[in-house]
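Raw structure.cif, mmCIF, C-alpha atoms:
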```
data_data
#
loop_
_atom_site.label_atom_id
_atom_site.label_comp_id
_atom_site.auth_asym_id
_atom_site.auth_seq_id
_atom_site.Cartn_x
_atom_site.Cartn_y
_atom_site.Cartn_z
CA MET A 1 -2.59 -26.63 25.78
CA GLY A 2 -4.77 -23.98 24.23
CA LYS A 3 -5.50 -23.26 20.63
CA LYS A 4 -2.78 -21.83 18.48
CA LYS A 5 -3.46 -18.20 17.58
CA VAL A 6 -3.90 -17.69 13.85
CA PHE A 7 -2.41 -14.45 12.57
CA SER A 8 -3.97 -12.56 9.71
CA GLU A 9 -1.95 -10.53 7.22
CA GLU A 10 -3.04 -7.30 8.93
CA ASP A 11 -1.90 -8.51 12.37
CA LEU A 12 1.51 -9.50 11.02
CA ALA A 13 1.99 -6.20 9.18
CA LYS A 14 1.14 -4.22 12.34
CA ASP A 15 3.86 -5.87 14.43
CA LEU A 16 6.40 -6.08 11.61
CA MET A 17 9.72 -4.32 12.16
CA LEU A 18 11.16 -3.29 8.80
CA PRO A 19 14.90 -2.72 8.36
CA GLY A 20 15.88 0.86 9.01
CA PRO A 21 19.06 2.67 8.07
CA GLY A 22 22.09 0.56 8.94
CA GLN A 23 20.00 -2.59 9.47
CA MET A 24 19.48 -5.66 7.28
CA VAL A 25 17.68 -8.98 7.17
CA GLY A 26 19.63 -12.17 7.71
CA ARG A 27 19.09 -15.94 7.84
CA VAL A 28 20.31 -17.90 10.87
CA GLU A 29 22.97 -20.43 9.85
CA ASN A 30 23.74 -22.09 13.19
CA PHE A 31 23.59 -21.53 16.92
CA LEU A 32 26.96 -21.27 18.63
CA GLY A 33 25.87 -21.33 22.26
CA TYR A 34 24.68 -18.91 24.93
CA ASP A 35 23.63 -15.83 22.93
CA ARG A 36 25.88 -16.17 19.87
CA ILE A 37 24.49 -17.00 16.42
CA MET A 38 26.09 -17.14 12.97
CA VAL A 39 23.90 -15.17 10.53
CA TYR A 40 24.15 -14.90 6.74
CA CYS A 41 23.05 -11.34 5.87
CA THR A 42 21.56 -9.87 2.68
CA ASP A 43 24.90 -8.18 1.87
CA GLN A 44 26.41 -11.71 1.37
CA LYS A 45 28.49 -11.59 4.57
CA LYS A 46 28.43 -13.96 7.51
CA ARG A 47 28.29 -12.21 10.86
CA LEU A 48 28.71 -13.45 14.39
CA CYS A 49 25.69 -11.90 16.07
CA ARG A 50 24.47 -11.81 19.62
CA ILE A 51 20.88 -11.83 20.82
CA ARG A 52 20.16 -8.61 22.66
CA GLY A 53 19.01 -8.92 26.25
CA LYS A 54 15.40 -7.93 25.59
CA LEU A 55 14.95 -10.98 23.31
CA LYS A 56 17.20 -13.46 25.09
CA ARG A 57 14.64 -15.46 27.09
CA ARG A 58 11.48 -14.31 25.32
CA VAL A 59 12.08 -15.34 21.71
CA TRP A 60 13.47 -18.70 20.61
CA ILE A 61 15.62 -18.56 17.50
CA ARG A 62 16.38 -21.65 15.40
CA ALA A 63 18.46 -22.36 12.30
CA GLY A 64 16.70 -21.15 9.17
CA ASP A 65 14.81 -18.31 10.90
CA PHE A 66 14.92 -14.81 9.47
CA VAL A 67 16.15 -12.07 11.79
CA LEU A 68 16.76 -8.33 11.73
CA VAL A 69 20.47 -7.59 12.19
CA GLU A 70 22.19 -4.35 13.11
CA PRO A 71 25.92 -4.58 12.24
CA TRP A 72 28.41 -3.11 14.68
CA SER A 73 30.08 0.03 13.39
CA PHE A 74 33.24 -0.48 15.44
CA GLU A 75 33.96 -4.14 14.59
CA GLU A 76 33.58 -5.78 11.19
CA GLY A 77 31.79 -9.14 10.98
CA ARG A 78 29.69 -8.78 14.14
CA GLY A 79 26.24 -7.46 15.00
CA ASN A 80 23.14 -7.54 17.17
CA ILE A 81 19.92 -9.42 16.50
CA LEU A 82 17.01 -7.03 17.01
CA TRP A 83 14.00 -9.07 15.87
CA ARG A 84 12.93 -12.55 14.70
CA TYR A 85 10.43 -12.78 11.86
CA TYR A 86 7.60 -15.35 11.71
CA ARG A 87 7.04 -17.35 8.50
CA GLY A 88 4.17 -15.08 7.40
CA GLN A 89 6.27 -12.01 8.06
CA ALA A 90 9.12 -13.51 6.02
CA LYS A 91 6.76 -14.02 3.07
CA PHE A 92 5.64 -10.40 3.42
CA LEU A 93 9.31 -9.29 3.35
CA ARG A 94 9.87 -11.45 0.26
CA LYS A 95 7.02 -9.66 -1.53
CA ARG A 96 8.73 -6.34 -0.75
CA ASP A 97 12.10 -7.68 -2.09
CA LEU A 98 13.88 -7.47 1.29
CA ILE A 99 14.69 -11.21 1.23
CA PRO A 100 16.23 -12.95 -1.84
CA ASP A 101 14.12 -15.56 -3.66
CA GLU A 102 16.47 -18.46 -2.95
CA TRP A 103 16.18 -18.00 0.85
CA ILE A 104 12.52 -19.03 1.04
#
```

Please express what this file holds, its structure, as structure tokens.
Amino acid sequence: MGKKKVFSEEDLAKDLMLPGPGQMVGRVENFLGYDRIMVYCTDQKKRLCRIRGKLKRRVWIRAGDFVLVEPWSFEEGRGNILWRYYRGQAKFLRKRDLIPDEWI
């Protein structure tokens, strides 16, 4: 095993994907199997989300992680997970008021 890479605030801000129009931040509630995850979003709705193929085997998502969700326009209560935030990135989002205080 090698050393764990330490990220600085500048490195995290460079790679940070902020929510765009029609996107929101959510907290992972539980993993339902395969690529399905129940996510509690910032609009106080629970959504059944799927991990998009680009992230499926590259990023591991656990309960309590913060993710970027894009709700489906054609079906209510579902969406796609576009990005998983690291702890430092989540704190940065909290400072910008994109994550509620009680989530961290």

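Among the candidates A:Asp65, A:Glu29, A:Glu75, A:Asp35, the one nearest to Ile104 (chain A) when counting only C-alpha atoms is A:Asp65.
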
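When CA of Ile81 (chain A) is paired with CA of Arg96 (chain A), their separation reads 20.8 Å.
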
Practice item. Please evaluate the PyMOL selection byres ((chain A and resi 19) around 9) against the structure above and give the resulting residues as a ChimeraX atom specification. Key: /A:17-18,20-25,68-70,98

Include C-alpha atoms and write out the residues we just selected as a PDB file, in the frame of the given file.
```pdb
ATOM      1  CA  MET A  17       9.720  -4.320  12.160  1.00  0.00           C
ATOM      2  CA  LEU A  18      11.160  -3.290   8.800  1.00  0.00           C
ATOM      3  CA  GLY A  20      15.880   0.860   9.010  1.00  0.00           C
ATOM      4  CA  PRO A  21      19.060   2.670   8.070  1.00  0.00           C
ATOM      5  CA  GLY A  22      22.090   0.560   8.940  1.00  0.00           C
ATOM      6  CA  GLN A  23      20.000  -2.590   9.470  1.00  0.00           C
ATOM      7  CA  MET A  24      19.480  -5.660   7.280  1.00  0.00           C
ATOM      8  CA  VAL A  25      17.680  -8.980   7.170  1.00  0.00           C
ATOM      9  CA  LEU A  68      16.760  -8.330  11.730  1.00  0.00           C
ATOM     10  CA  VAL A  69      20.470  -7.590  12.190  1.00  0.00           C
ATOM     11  CA  GLU A  70      22.190  -4.350  13.110  1.00  0.00           C
ATOM     12  CA  LEU A  98      13.880  -7.470   1.290  1.00  0.00           C
TER      13      LEU A  98
END
```

Review point. Taking all atoms listed in the file into account, which of A:Arg78, A:Arg27, A:Arg36, A:Lys91 comes nearest Lys56 (chain A)?
Key: A:Arg36

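One distance worth recording is that between CA of Arg62 (chain A) and CA of Gln44 (chain A), which is 19.9 Å.
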
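Using all atoms listed in the file, the residues found no farther than 9 Å from Glu76 (chain A), other than those of its own chain fewer than 4 positions away, are Arg47, Pro71 and Trp72 of chain A.
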
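Between CA of Gly64 (chain A) and CA of Arg52 (chain A) the interatomic distance comes to 18.7 Å.
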
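Taking all atoms listed in the file into account, Gly77 (chain A) lies nearest to A:Lys46 out of the set A:Ile61, A:Cys41, A:Arg94, A:Lys46.
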
Exercise for review: Name the residues that the PyMOL selection byres ((chain A and resi 33) around 12) picks from the file above, as a list in words, using the file's chain letters and numbers.
Suggested key: Asn30, Phe31, Leu32, Tyr34, Asp35, Arg36, Ile37, Met38, Leu48, Cys49, Arg50, Ile51, Ile61 and Arg62 of chain A

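Nearest residue to Phe66 (chain A) among A:Lys45, A:Lys95, A:Lys54, A:Arg84 is A:Arg84, counting only C-alpha atoms.
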
Practice item. Around the point (8.5, -15.3, 16.7), in the coordinates given by the file, pick out the residues reaching within 12 Å, counting all atoms listed in the file, and return them as a count of residues only. Key: 24
